[in-house]
$ cat query-v5.tsv   # TSV, C-alpha atoms and all ligand atoms
chain	number	residue	atom	x	y	z
A	865	MET	CA	1.03	-0.58	-12.75
A	866	SER	CA	-2.09	-1.46	-14.67
A	867	VAL	CA	-1.72	-1.90	-18.40
A	868	GLU	CA	-4.68	-3.37	-20.30
A	869	PRO	CA	-3.97	-7.00	-21.21
A	870	PRO	CA	-4.18	-7.78	-24.93
A	871	SER	CA	-7.25	-9.70	-26.07
A	872	THR	CA	-5.04	-12.61	-27.09
A	873	GLY	CA	-1.58	-13.82	-26.21
A	874	ARG	CA	-0.18	-12.84	-22.81
A	875	HIS	CA	-2.14	-13.56	-19.66
A	876	ALA	CA	-3.15	-10.69	-17.42
A	877	THR	CA	-1.08	-12.20	-14.61
A	878	ASP	CA	2.19	-11.96	-16.61
A	879	SER	CA	4.35	-8.97	-15.79
A	880	PRO	CA	3.89	-6.54	-18.65
A	881	LEU	CA	7.49	-5.35	-18.22
A	882	ARG	CA	10.52	-6.81	-19.95
A	883	LEU	CA	13.75	-6.24	-18.02
A	884	SER	CA	17.12	-6.63	-19.77
A	885	PRO	CA	19.24	-9.39	-18.19
A	886	GLU	CA	21.71	-6.84	-16.78
A	887	VAL	CA	18.95	-4.71	-15.23
A	888	ALA	CA	17.09	-7.75	-13.85
A	889	ASP	CA	20.31	-9.02	-12.30
A	890	ALA	CA	21.16	-5.63	-10.77
A	891	LEU	CA	17.68	-5.27	-9.26
A	892	ALA	CA	17.73	-8.82	-7.93
A	893	THR	CA	21.04	-8.21	-6.14
A	894	GLY	CA	20.21	-4.71	-4.88
A	895	ALA	CA	22.81	-3.08	-7.13
A	896	PRO	CA	22.16	0.56	-8.13
A	897	VAL	CA	20.10	1.15	-11.30
A	898	VAL	CA	19.15	4.44	-13.01
A	899	ALA	CA	16.21	4.67	-15.41
A	900	LEU	CA	16.57	6.82	-18.54
A	901	GLU	CA	13.75	8.05	-20.74
A	902	SER	CA	13.63	7.65	-24.50
A	903	THR	CA	11.49	10.62	-25.58
A	904	LEU	CA	14.43	12.95	-25.13
A	905	LEU	CA	16.36	10.70	-27.53
A	906	ALA	CA	13.61	10.14	-30.10
A	907	HIS	CA	11.86	13.52	-29.99
A	908	GLY	CA	14.13	15.92	-28.09
A	909	LEU	CA	17.43	15.44	-29.95
A	910	PRO	CA	17.83	15.40	-33.74
A	911	ARG	CA	18.79	12.28	-35.68
A	912	PRO	CA	21.54	11.10	-36.09
A	913	ASP	CA	23.24	12.90	-33.13
A	914	ASN	CA	20.78	11.27	-30.75
A	915	ARG	CA	22.36	7.82	-31.22
A	916	ALA	CA	25.77	8.82	-29.82
A	917	ALA	CA	24.02	10.75	-27.03
A	918	ALA	CA	22.15	7.58	-26.03
A	919	ASP	CA	25.42	5.72	-25.51
A	920	ASP	CA	27.04	8.67	-23.76
A	921	VAL	CA	24.14	8.99	-21.30
A	922	GLU	CA	24.34	5.29	-20.43
A	923	ALA	CA	28.11	5.63	-19.97
A	924	ALA	CA	27.58	8.61	-17.65
A	925	VAL	CA	25.27	6.51	-15.44
A	926	ARG	CA	27.98	3.84	-15.27
A	927	ALA	CA	30.60	6.47	-14.42
A	928	GLY	CA	28.39	7.45	-11.50
A	929	GLY	CA	28.36	3.86	-10.30
A	930	ALA	CA	25.01	2.45	-11.50
A	931	VAL	CA	23.51	0.28	-14.24
A	932	PRO	CA	21.59	2.29	-16.90
A	933	ALA	CA	18.06	1.18	-17.82
A	934	THR	CA	16.76	3.02	-20.87
A	935	VAL	CA	12.98	2.63	-21.12
A	936	ALA	CA	10.86	2.35	-24.28
A	937	VAL	CA	7.82	0.43	-25.54
A	938	LEU	CA	8.64	-1.92	-28.42
A	939	ASP	CA	5.88	-3.82	-30.22
A	940	GLY	CA	3.55	-3.27	-27.29
A	941	VAL	CA	6.00	-4.45	-24.62
A	942	PRO	CA	7.49	-1.95	-22.14
A	943	HIS	CA	11.24	-2.59	-22.02
A	944	VAL	CA	13.43	-1.53	-19.10
A	945	GLY	CA	17.02	-1.76	-20.31
A	946	LEU	CA	17.62	-1.89	-24.06
A	947	THR	CA	20.06	-3.76	-26.34
A	948	ALA	CA	22.15	-1.71	-28.81
A	949	GLU	CA	19.76	-2.75	-31.59
A	950	GLN	CA	16.77	-1.58	-29.57
A	951	VAL	CA	18.45	1.78	-28.93
A	952	ASP	CA	19.04	1.98	-32.72
A	953	ARG	CA	15.31	1.58	-33.24
A	954	VAL	CA	14.45	4.27	-30.73
A	955	CYS	CA	16.93	6.72	-32.24
A	956	HIS	CA	16.41	6.03	-35.95
A	957	ASP	CA	12.68	5.37	-36.42
A	958	PRO	CA	11.09	8.69	-37.51
A	959	ASP	CA	7.60	7.32	-36.87
A	960	LEU	CA	8.12	6.31	-33.25
A	961	ALA	CA	5.22	7.52	-31.09
A	962	LYS	CA	5.65	9.71	-27.99
A	963	LEU	CA	3.99	7.84	-25.13
A	964	GLY	CA	2.85	9.43	-21.89
A	965	VAL	CA	1.15	7.40	-19.15
A	966	ARG	CA	-2.25	7.60	-20.82
A	967	ASP	CA	-0.86	6.19	-24.07
A	968	LEU	CA	0.71	3.06	-22.50
A	969	PRO	CA	-2.46	0.91	-22.50
A	970	VAL	CA	-3.11	1.70	-26.16
A	971	ALA	CA	0.46	0.78	-27.15
A	972	ALA	CA	0.27	-2.42	-25.07
A	973	ALA	CA	-3.08	-3.51	-26.45
A	974	LEU	CA	-2.33	-2.70	-30.09
A	975	GLY	CA	1.32	-3.83	-30.11
A	976	LEU	CA	2.67	-0.36	-30.94
A	977	SER	CA	6.15	1.07	-30.35
A	978	GLY	CA	7.01	4.39	-28.77
A	979	ALA	CA	9.41	6.45	-26.73
A	980	THR	CA	8.51	7.10	-23.10
A	981	THR	CA	8.30	10.57	-21.54
A	982	VAL	CA	9.18	11.50	-17.97
A	983	SER	CA	5.66	10.52	-16.87
A	984	SER	CA	5.59	7.04	-18.41
A	985	THR	CA	9.27	6.31	-17.74
A	986	ALA	CA	8.76	7.16	-14.07
A	987	LEU	CA	5.74	4.84	-13.89
A	988	LEU	CA	7.48	1.92	-15.61
A	989	ALA	CA	10.75	2.40	-13.71
A	990	ALA	CA	8.96	2.45	-10.35
A	991	ALA	CA	6.98	-0.65	-11.36
A	992	ALA	CA	10.30	-2.38	-12.08
A	993	GLY	CA	11.62	-1.40	-8.65
A	994	ILE	CA	14.02	1.32	-9.82
A	995	GLY	CA	14.42	4.27	-7.43
A	996	VAL	CA	16.34	6.84	-9.48
A	997	PHE	CA	15.69	8.34	-12.90
A	998	ALA	CA	17.69	10.89	-14.93
A	999	THR	CA	16.43	13.23	-17.63
A	1000	GLY	CA	17.17	16.67	-19.08
A	1001	GLY	CA	14.30	18.90	-18.09
A	1002	LEU	CA	10.86	18.04	-16.76
A	1003	GLY	CA	7.70	18.95	-18.61
A	1004	GLY	CA	5.58	21.52	-16.80
A	1005	VAL	CA	3.18	24.40	-17.15
A	1006	HIS	CA	3.43	26.07	-20.55
A	1007	ARG	CA	3.38	29.84	-20.97
A	1008	GLN	CA	-0.17	30.90	-21.91
A	1009	SER	CA	-1.47	27.80	-20.11
A	1010	ALA	CA	-4.39	29.87	-18.81
A	1011	GLU	CA	-5.75	29.82	-22.38
A	1012	THR	CA	-4.35	26.52	-23.66
A	1013	PHE	CA	-4.58	24.37	-20.48
A	1014	ASP	CA	-1.20	22.97	-21.59
A	1015	GLU	CA	0.39	21.40	-18.53
A	1016	SER	CA	2.64	18.35	-18.88
A	1017	ALA	CA	1.37	15.03	-17.53
A	1018	ASP	CA	4.86	14.73	-16.00
A	1019	LEU	CA	3.69	16.73	-12.99
A	1020	THR	CA	0.70	14.60	-11.98
A	1021	ALA	CA	2.70	11.43	-12.67
A	1022	LEU	CA	5.44	12.61	-10.30
A	1023	SER	CA	2.87	13.37	-7.60
A	1024	ARG	CA	2.09	9.66	-7.29
A	1025	THR	CA	5.25	7.86	-8.43
A	1026	SER	CA	7.89	7.08	-5.82
A	1027	LEU	CA	11.33	7.76	-7.22
A	1028	ALA	CA	14.01	10.42	-7.54
A	1029	VAL	CA	14.19	12.39	-10.77
A	1030	VAL	CA	17.47	14.16	-11.48
A	1031	CYS	CA	16.95	17.04	-13.93
A	1032	ALA	CA	18.25	20.51	-14.79
A	1033	GLY	CA	14.95	22.03	-13.72
A	1034	VAL	CA	12.09	22.31	-16.16
A	1035	LYS	CA	12.55	23.29	-19.78
A	1036	SER	CA	12.93	27.06	-20.01
A	1037	ILE	CA	10.34	27.22	-22.80
A	1038	LEU	CA	7.84	26.81	-19.92
A	1039	ASP	CA	6.41	29.07	-17.23
A	1040	VAL	CA	8.88	28.13	-14.50
A	1041	PRO	CA	7.23	29.92	-11.51
A	1042	ALA	CA	3.84	28.39	-12.41
A	1043	THR	CA	5.43	24.95	-12.71
A	1044	LEU	CA	6.99	25.32	-9.25
A	1045	GLU	CA	3.59	26.34	-7.84
A	1046	ARG	CA	1.99	23.24	-9.37
A	1047	MET	CA	4.71	21.00	-7.94
A	1048	GLU	CA	3.94	22.49	-4.53
A	1049	SER	CA	0.19	21.81	-4.97
A	1050	LEU	CA	0.98	18.25	-6.05
A	1051	SER	CA	3.30	17.71	-3.05
A	1052	VAL	CA	6.28	16.87	-5.24
A	1053	THR	CA	9.45	17.29	-3.13
A	1054	VAL	CA	11.93	19.66	-4.84
A	1055	ILE	CA	15.57	19.98	-3.76
A	1056	GLY	CA	18.37	21.94	-5.37
A	1057	TYR	CA	21.68	20.12	-5.79
A	1058	ARG	CA	24.26	22.50	-4.32
A	1059	THR	CA	22.00	25.46	-5.16
A	1060	ARG	CA	19.23	27.59	-3.68
A	1061	THR	CA	18.06	28.82	-7.08
A	1062	PHE	CA	16.00	26.55	-9.29
A	1063	PRO	CA	17.99	25.80	-12.45
A	1064	GLY	CA	16.69	27.00	-15.81
A	1065	PHE	CA	17.62	24.03	-18.02
A	1066	TYR	CA	19.85	25.77	-20.63
A	1067	VAL	CA	20.85	28.33	-17.98
A	1068	ALA	CA	22.02	27.75	-14.42
A	1069	ASP	CA	19.48	30.05	-12.76
A	1070	SER	CA	15.79	30.21	-13.70
A	1071	GLY	CA	15.25	33.27	-11.51
A	1072	SER	CA	13.07	31.30	-9.06
A	1073	PRO	CA	14.32	30.22	-5.64
A	1074	VAL	CA	14.29	26.64	-4.38
A	1075	GLU	CA	13.66	26.23	-0.68
A	1076	TRP	CA	15.80	23.18	0.07
A	1077	SER	CA	19.26	22.24	-1.02
A	1078	VAL	CA	21.51	19.19	-0.58
A	1079	ASP	CA	25.29	19.06	-0.92
A	1080	SER	CA	26.03	15.44	-1.72
A	1081	PRO	CA	24.61	12.31	-3.39
A	1082	GLU	CA	24.35	10.81	0.12
A	1083	GLN	CA	22.13	13.68	1.31
A	1084	ALA	CA	19.96	13.43	-1.80
A	1085	ALA	CA	19.65	9.67	-1.23
A	1086	ALA	CA	18.63	10.28	2.40
A	1087	VAL	CA	15.82	12.60	1.26
A	1088	VAL	CA	14.66	9.99	-1.27
A	1089	ALA	CA	14.67	7.28	1.39
A	1090	ALA	CA	12.74	9.53	3.82
A	1091	ARG	CA	10.13	10.35	1.17
A	1092	ARG	CA	9.65	6.63	0.47
A	1093	GLU	CA	8.94	6.01	4.16
A	1094	LEU	CA	6.46	8.86	4.33
A	1095	ALA	CA	4.25	9.03	1.24
A	1096	PRO	CA	4.14	8.04	-2.42
A	1097	GLY	CA	5.50	10.66	-4.79
A	1098	ALA	CA	8.69	11.87	-6.39
A	1099	VAL	CA	11.73	13.80	-5.23
A	1100	VAL	CA	12.96	16.18	-7.92
A	1101	VAL	CA	16.72	16.75	-7.64
A	1102	ALA	CA	17.42	19.95	-9.56
A	1103	ASN	CA	21.00	19.96	-10.82
A	1104	PRO	CA	22.13	23.22	-12.47
A	1105	LEU	CA	24.74	23.52	-15.18
A	1106	PRO	CA	27.89	25.33	-14.01
A	1107	ALA	CA	27.73	28.99	-15.07
A	1108	ASP	CA	30.56	28.57	-17.57
A	1109	GLU	CA	28.71	25.75	-19.38
A	1110	GLN	CA	25.33	27.44	-19.74
A	1111	LEU	CA	23.85	28.95	-22.89
A	1112	ASP	CA	24.57	32.62	-23.46
A	1113	ALA	CA	21.69	34.49	-21.77
A	1114	ALA	CA	20.96	36.90	-24.66
A	1115	LEU	CA	20.97	34.05	-27.19
A	1116	HIS	CA	18.74	32.03	-24.82
A	1117	ASP	CA	16.06	34.73	-24.54
A	1118	ARG	CA	16.10	35.51	-28.26
A	1119	VAL	CA	15.82	31.94	-29.56
A	1120	ILE	CA	13.15	30.96	-27.03
A	1121	ALA	CA	10.91	33.90	-27.95
A	1122	ASP	CA	11.46	33.00	-31.59
A	1123	ALA	CA	10.65	29.31	-31.13
A	1124	LEU	CA	7.47	29.98	-29.13
A	1125	ALA	CA	6.28	32.43	-31.80
A	1126	ALA	CA	6.99	29.84	-34.51
A	1127	ALA	CA	4.99	27.17	-32.64
A	1128	GLU	CA	2.08	29.57	-32.28
A	1129	ALA	CA	2.22	30.57	-35.95
A	1130	ALA	CA	2.33	26.90	-37.03
A	1131	GLY	CA	-0.67	26.10	-34.82
A	1132	VAL	CA	1.19	23.27	-33.07
A	1133	ARG	CA	-0.84	21.67	-30.26
A	1134	GLY	CA	-0.73	18.87	-27.70
A	1135	LYS	CA	2.27	16.63	-27.39
A	1136	ALA	CA	3.84	18.01	-30.57
A	1137	VAL	CA	4.57	21.36	-28.86
A	1138	THR	CA	7.70	20.38	-26.90
A	1139	PRO	CA	9.46	18.50	-29.76
A	1140	PHE	CA	8.62	21.34	-32.19
A	1141	VAL	CA	10.03	24.02	-29.90
A	1142	LEU	CA	13.20	22.04	-29.04
A	1143	ASP	CA	13.86	21.37	-32.74
A	1144	HIS	CA	13.34	25.03	-33.58
A	1145	LEU	CA	15.77	26.04	-30.81
A	1146	HIS	CA	18.47	23.64	-32.04
A	1147	ARG	CA	18.21	25.12	-35.55
A	1148	ALA	CA	17.88	28.78	-34.53
A	1149	SER	CA	20.88	28.61	-32.19
A	1150	GLY	CA	23.12	26.89	-34.75
A	1151	GLY	CA	23.33	23.79	-32.56
A	1152	ALA	CA	24.21	25.67	-29.35
A	1153	THR	CA	21.06	24.54	-27.49
A	1154	LEU	CA	21.69	20.98	-28.66
A	1155	ALA	CA	25.22	20.91	-27.22
A	1156	VAL	CA	24.02	22.36	-23.91
A	1157	ASN	CA	21.05	19.97	-23.80
A	1158	VAL	CA	23.29	16.92	-24.23
A	1159	ARG	CA	25.78	18.23	-21.65
A	1160	LEU	CA	23.15	18.75	-18.98
A	1161	VAL	CA	21.64	15.30	-19.56
A	1162	LEU	CA	25.10	13.72	-19.13
A	1163	ARG	CA	25.67	15.60	-15.88
A	1164	ASN	CA	22.27	14.53	-14.59
A	1165	ALA	CA	22.91	10.91	-15.56
A	1166	GLU	CA	26.19	10.81	-13.67
A	1167	LEU	CA	24.70	12.44	-10.56
A	1168	ALA	CA	21.75	10.03	-10.73
A	1169	GLY	CA	24.24	7.16	-10.80
A	1170	ARG	CA	25.92	8.50	-7.65
A	1171	ILE	CA	22.56	8.95	-5.88
A	1172	ALA	CA	21.49	5.42	-6.84
A	1173	ALA	CA	24.82	4.09	-5.54
A	1174	ALA	CA	24.36	6.01	-2.29
A	1175	LEU	CA	20.82	4.63	-1.95
A	1176	ALA	CA	22.15	1.12	-2.45
A	1177	GLY	CA	24.71	1.77	0.28
A	1178	GLN	CA	27.53	1.56	-2.19
A	1179	ALA	CA	28.58	5.17	-2.45
A	1180	ARG	CA	32.10	5.63	-3.73
A	1201	LIG	N1	14.16	16.63	-21.39
A	1201	LIG	C1	14.93	16.92	-22.47
A	1201	LIG	N2	14.36	16.77	-23.71
A	1201	LIG	C2	13.10	16.27	-23.88
A	1201	LIG	C3	12.29	15.96	-22.74
A	1201	LIG	C4	12.87	16.15	-21.52
A	1201	LIG	O1	16.10	17.35	-22.33
A	1201	LIG	O2	12.67	16.09	-25.03
A	1201	LIG	C5	10.88	15.38	-22.92
A	1201	LIG	C6	10.56	14.49	-21.73
A	1201	LIG	O3	10.26	13.21	-22.23
A	1201	LIG	C7	9.34	15.12	-21.10
A	1201	LIG	C8	8.68	15.67	-22.31
A	1201	LIG	O4	8.56	14.19	-20.39
A	1201	LIG	O5	9.78	16.28	-22.99
A	1201	LIG	C9	7.56	16.62	-21.95
A	1201	LIG	O6	6.64	16.65	-22.99
A	1201	LIG	P1	5.24	17.44	-22.80
A	1201	LIG	O7	5.64	18.86	-22.62
A	1201	LIG	O8	4.47	17.19	-24.07
A	1201	LIG	O9	4.60	16.83	-21.59
A	1202	MN	MN	1.54	19.49	-23.31
$ encode --input "query-v5.tsv" --output "structure tokens"
Amino acid sequence: MSVEPPSTGRHATDSPLRLSPEVADALATGAPVVALESTLLAHGLPRPDNRAAADDVEAAVRAGGAVPATVAVLDGVPHVGLTAEQVDRVCHDPDLAKLGVRDLPVAAALGLSGATTVSSTALLAAAAGIGVFATGGLGGVHRQSAETFDESADLTALSRTSLAVVCAGVKSILDVPATLERMESLSVTVIGYRTRTFPGFYVADSGSPVEWSVDSPEQAAAVVAARRELAPGAVVVANPLPADEQLDAALHDRVIADALAAAEAAGVRGKAVTPFVLDHLHRASGGATLAVNVRLVLRNAELAGRIAAALAGQAR
């Protein structure tokens, strides 16, 4: 990766990444590691519930058989693997920035702190040598993007970053068919996990098909390994919620229409859109979207752990 060196202090030849001892040790010995993003903690889930979720997600990665590596930028330094105190900071600081790839050099140069999105987490994780990453839902093409040009930087980042991203599809506040078209244009590999329909984040089925499907962590790992041999770029492993755990469909459609209208009325723009809409959904659904959001992240984290273990040849 290329992060601008600061004008004083560190030398440009120093690695700009700080790995936790556990993550450094796992990578050095070839043990499975799963990267986790911090924007979903800091900006996607409300305080204080986000703090327990952070621990639960790390525990789910361990249950799957891998070492969790939560990523965030603290005082200008990208950290891969956080201490409990560092997770506290990420979850409790209301002023923490939201950092995509383009924001990383500014944070590094000015010594700022921020949570990393899918785009920047993928970049930093790949730079650390981590092959698997778990999140909730990817960013993508927003509805009305023809007027707003609002398309998440997650998509272009995944087109050039070599790792697997386990997610429950893209957030259903987005234009899902348009996002799938963009992932095709960007040559991002997309596979359904035990499904031929692309998941819809809060709901199991987005209504769009997915062409390829795998049935096991070992098969997913084989696709990831084959992609690595062939060309840079990500493999999206789309892992749907079971039907009996999804959000009620009528509630889903109502609260999403409501949240998008509220964002429009409030004139929210840029990177504030996704956190605004998610927060509105959590309130409007009486916490139902929050519970489903946490559940799907935990499922993705555990599956990512299994895929990482399979990639490391330690499937169990
Ligand atoms: N998944 C979740 N909650 C979130 C996100 C993903 O369950 O809050 C975050 C991710 O960090 C993703 C970001 O990269 O939303 C997308 O933001 P934007 O639409 O501004 O690119
Ligand atoms: Mn955007």
$ closest_atom_pairs --input "query-v5.tsv" --of "range 959-981 of chain A" --to "range 932-944 of chain A" --cutoff "8 Å" --atoms "all atoms listed in the file" --output "CSV"
residue,atom,partner,partner_atom,distance
A:Ala971,CA,A:Gly940,CA,5.1
A:Ala972,CA,A:Gly940,CA,4.1
A:Ala973,CA,A:Gly940,CA,6.7
A:Leu974,CA,A:Gly940,CA,6.5
A:Gly975,CA,A:Gly940,CA,3.6
A:Leu976,CA,A:Gly940,CA,4.8
A:Ser977,CA,A:Leu938,CA,4.3
A:Gly978,CA,A:Val937,CA,5.2
A:Ala979,CA,A:Ala936,CA,5.0
A:Thr980,CA,A:Ala936,CA,5.4
$ residues_near_point --input "query-v5.tsv" --point "(20.8, 26.8, -18.1)" --cutoff "7 Å" --atoms "all atoms listed in the file" --output "MDAnalysis selection string"
chainID A and resid 1063:1069 1104:1105 1110:1111
$ atom_distance --input "query-v5.tsv" --atom1 "CA of Glu922 in chain A" --atom2 "CA of His1144 in chain A"
26.1 Å
$ closest_residue --input "query-v5.tsv" --among "A:Leu1124, A:Leu905, A:Ala992, A:Ala1021" --to "Arg1007 in chain A" --atoms "all atoms listed in the file"
A:Leu1124
$ closest_atom_pairs --input "query-v5.tsv" --of "range 1147-1173 of chain A" --to "range 887-901 of chain A" --cutoff "9 Å" --atoms "all atoms listed in the file" --output "JSON lines"
{"residue": "A:Ala1165", "atom": "CA", "partner": "A:Val898", "partner_atom": "CA", "distance": 7.9}
{"residue": "A:Ala1168", "atom": "CA", "partner": "A:Val898", "partner_atom": "CA", "distance": 6.6}
{"residue": "A:Gly1169", "atom": "CA", "partner": "A:Val898", "partner_atom": "CA", "distance": 6.2}
{"residue": "A:Arg1170", "atom": "CA", "partner": "A:Pro896", "partner_atom": "CA", "distance": 8.8}
{"residue": "A:Ile1171", "atom": "CA", "partner": "A:Pro896", "partner_atom": "CA", "distance": 8.7}
{"residue": "A:Ala1172", "atom": "CA", "partner": "A:Pro896", "partner_atom": "CA", "distance": 5.1}
{"residue": "A:Ala1173", "atom": "CA", "partner": "A:Pro896", "partner_atom": "CA", "distance": 5.1}
$ residues_around --input "query-v5.tsv" --residues "Ser983 in chain A" --least-positions-apart "5" --cutoff "10 Å" --atoms "only C-alpha atoms" --output "list in words"
Glu901, Leu963, Gly964, Val965, Arg966, Leu988, Leu1002, Gly1003, Ser1016, Ala1017, Asp1018, Leu1019, Thr1020, Ala1021, Leu1022 and Thr1025 of chain A
$ closest_atom_pairs --input "query-v5.tsv" --of "chain A" --to "ligand MN 1202 (chain A)" --cutoff "8 Å" --atoms "only C-alpha atoms and all ligand atoms" --output "CSV"
residue,atom,partner,partner_atom,distance
A:Gly1003,CA,A:MN1202,MN,7.8
A:Gly1004,CA,A:MN1202,MN,7.9
A:His1006,CA,A:MN1202,MN,7.4
A:Asp1014,CA,A:MN1202,MN,4.8
A:Glu1015,CA,A:MN1202,MN,5.3
A:Ser1016,CA,A:MN1202,MN,4.7
A:Ala1017,CA,A:MN1202,MN,7.3
A:Arg1133,CA,A:MN1202,MN,7.7
A:Gly1134,CA,A:MN1202,MN,5.0
A:Lys1135,CA,A:MN1202,MN,5.0
A:Ala1136,CA,A:MN1202,MN,7.8
A:Val1137,CA,A:MN1202,MN,6.6
A:Thr1138,CA,A:MN1202,MN,7.2
$ closest_residue --input "query-v5.tsv" --among "A:Pro1081, A:Gly993, A:Pro958, A:Pro1073" --to "Arg911 in chain A" --atoms "only C-alpha atoms"
A:Pro958
$ closest_residue --input "query-v5.tsv" --among "A:Leu1094, A:Leu1162, A:Ala1152, A:Leu1142" --to "ligand LIG 1201 (chain A)" --atoms "only C-alpha atoms and all ligand atoms"
A:Leu1142
$ axis_aligned_box --input "query-v5.tsv" --around "range 990-999 of chain A" --padding-each-side "8 Å" --output "AutoDock Vina command-line options"
--center_x 12.3 --center_y 5.4 --center_z -12.5 --size_x 26.7 --size_y 31.6 --size_z 26.2
$ closest_residue --input "query-v5.tsv" --among "A:Leu1027, A:Ala1042, A:Ala1148, A:Ala1176" --to "Ile994 in chain A" --atoms "all atoms listed in the file"
A:Leu1027
$ residues_around --input "query-v5.tsv" --residues "Asp920 in chain A" --least-positions-apart "3" --cutoff "10 Å" --atoms "all atoms listed in the file" --output "short mmCIF file (atom, residue, chain, number, x, y, z; two decimals) with C-alpha atoms, in the frame of the given file"
data_model
loop_
_atom_site.label_atom_id
_atom_site.label_comp_id
_atom_site.auth_asym_id
_atom_site.auth_seq_id
_atom_site.Cartn_x
_atom_site.Cartn_y
_atom_site.Cartn_z
CA ASN A 914 20.78 11.27 -30.75
CA ARG A 915 22.36 7.82 -31.22
CA ALA A 916 25.77 8.82 -29.82
CA ALA A 917 24.02 10.75 -27.03
CA ALA A 923 28.11 5.63 -19.97
CA ALA A 924 27.58 8.61 -17.65
CA VAL A 925 25.27 6.51 -15.44
CA ARG A 926 27.98 3.84 -15.27
CA VAL A 1158 23.29 16.92 -24.23
CA ARG A 1159 25.78 18.23 -21.65
CA VAL A 1161 21.64 15.30 -19.56
CA LEU A 1162 25.10 13.72 -19.13
CA ALA A 1165 22.91 10.91 -15.56
#
$ closest_residue --input "query-v5.tsv" --among "A:Ala1098, A:Arg1163, A:Glu1082, A:Ala1010" --to "Ala998 in chain A" --atoms "only C-alpha atoms"
A:Arg1163
$ atom_distance --input "query-v5.tsv" --atom1 "CA of Leu960 in chain A" --atom2 "CA of Ser879 in chain A"
23.5 Å
$ closest_residue --input "query-v5.tsv" --among "A:Val1087, A:Val1074, A:Val1132, A:Leu1044" --to "ligand LIG 1201 (chain A)" --atoms "only C-alpha atoms and all ligand atoms"
A:Val1132
$ atom_distance --input "query-v5.tsv" --atom1 "CA of Ala1127 in chain A" --atom2 "CA of Val1141 in chain A"
6.5 Å
$ residues_around --input "query-v5.tsv" --residues "Asp1079 in chain A" --least-positions-apart "4" --cutoff "7 Å" --atoms "only C-alpha atoms" --output "PyMOL selection string"
chain A and resi 1057-1058+1083
$ write_last_selection --input "query-v5.tsv" --atoms "C-alpha atoms" --output "mmCIF file, in the frame of the given file"
data_model
loop_
_atom_site.group_PDB
_atom_site.id
_atom_site.type_symbol
_atom_site.label_atom_id
_atom_site.label_comp_id
_atom_site.auth_asym_id
_atom_site.auth_seq_id
_atom_site.Cartn_x
_atom_site.Cartn_y
_atom_site.Cartn_z
ATOM 1 C CA TYR A 1057 21.680 20.120 -5.790
ATOM 2 C CA ARG A 1058 24.260 22.500 -4.320
ATOM 3 C CA GLN A 1083 22.130 13.680 1.310
#
$ residues_around --input "query-v5.tsv" --residues "Leu1160 in chain A" --least-positions-apart "4" --cutoff "7 Å" --atoms "all atoms listed in the file" --output "PDB file with C-alpha atoms, in the coordinates of the input"
ATOM      1  CA  GLY A1000      17.170  16.670 -19.080  1.00  0.00           C
ATOM      2  CA  ALA A1032      18.250  20.510 -14.790  1.00  0.00           C
ATOM      3  CA  LEU A1105      24.740  23.520 -15.180  1.00  0.00           C
ATOM      4  CA  VAL A1156      24.020  22.360 -23.910  1.00  0.00           C
ATOM      5  CA  ASN A1164      22.270  14.530 -14.590  1.00  0.00           C
TER       6      ASN A1164
END
$ decode --input "query-v5.tsv" --residues "range 1098-1108 of chain A" --atoms "N, CA and C atoms" --output "PDB file, in the first residue's frame"
ATOM      1  N   ALA A1098     -11.065  -9.145  -5.605  1.00  0.00           N
ATOM      2  CA  ALA A1098     -11.722  -9.820  -4.492  1.00  0.00           C
ATOM      3  C   ALA A1098     -12.684 -10.910  -4.950  1.00  0.00           C
ATOM      4  N   VAL A1099     -12.933 -11.818  -4.020  1.00  0.00           N
ATOM      5  CA  VAL A1099     -14.023 -12.793  -4.146  1.00  0.00           C
ATOM      6  C   VAL A1099     -15.046 -12.441  -3.073  1.00  0.00           C
ATOM      7  N   VAL A1100     -16.249 -12.091  -3.500  1.00  0.00           N
ATOM      8  CA  VAL A1100     -17.334 -11.810  -2.562  1.00  0.00           C
ATOM      9  C   VAL A1100     -18.081 -13.113  -2.288  1.00  0.00           C
ATOM     10  N   VAL A1101     -18.109 -13.522  -1.020  1.00  0.00           N
ATOM     11  CA  VAL A1101     -18.851 -14.718  -0.618  1.00  0.00           C
ATOM     12  C   VAL A1101     -20.132 -14.226   0.037  1.00  0.00           C
ATOM     13  N   ALA A1102     -21.249 -14.425  -0.659  1.00  0.00           N
ATOM     14  CA  ALA A1102     -22.532 -13.868  -0.218  1.00  0.00           C
ATOM     15  C   ALA A1102     -23.284 -14.917   0.597  1.00  0.00           C
ATOM     16  N   ASN A1103     -23.441 -14.623   1.868  1.00  0.00           N
ATOM     17  CA  ASN A1103     -23.936 -15.591   2.857  1.00  0.00           C
ATOM     18  C   ASN A1103     -25.293 -15.132   3.392  1.00  0.00           C
ATOM     19  N   PRO A1104     -26.389 -15.725   2.912  1.00  0.00           N
ATOM     20  CA  PRO A1104     -27.714 -15.239   3.340  1.00  0.00           C
ATOM     21  C   PRO A1104     -28.082 -15.666   4.756  1.00  0.00           C
ATOM     22  N   LEU A1105     -28.891 -14.839   5.397  1.00  0.00           N
ATOM     23  CA  LEU A1105     -29.524 -15.256   6.650  1.00  0.00           C
ATOM     24  C   LEU A1105     -30.481 -16.397   6.348  1.00  0.00           C
ATOM     25  N   PRO A1106     -30.664 -17.344   7.280  1.00  0.00           N
ATOM     26  CA  PRO A1106     -31.741 -18.322   7.112  1.00  0.00           C
ATOM     27  C   PRO A1106     -33.091 -17.588   7.115  1.00  0.00           C
ATOM     28  N   ALA A1107     -34.056 -18.134   6.374  1.00  0.00           N
ATOM     29  CA  ALA A1107     -35.348 -17.446   6.217  1.00  0.00           C
ATOM     30  C   ALA A1107     -35.988 -17.121   7.571  1.00  0.00           C
ATOM     31  N   ASP A1108     -35.832 -18.019   8.541  1.00  0.00           N
ATOM     32  CA  ASP A1108     -36.501 -17.772   9.827  1.00  0.00           C
ATOM     33  C   ASP A1108     -35.765 -16.759  10.706  1.00  0.00           C
TER      34      ASP A1108
END
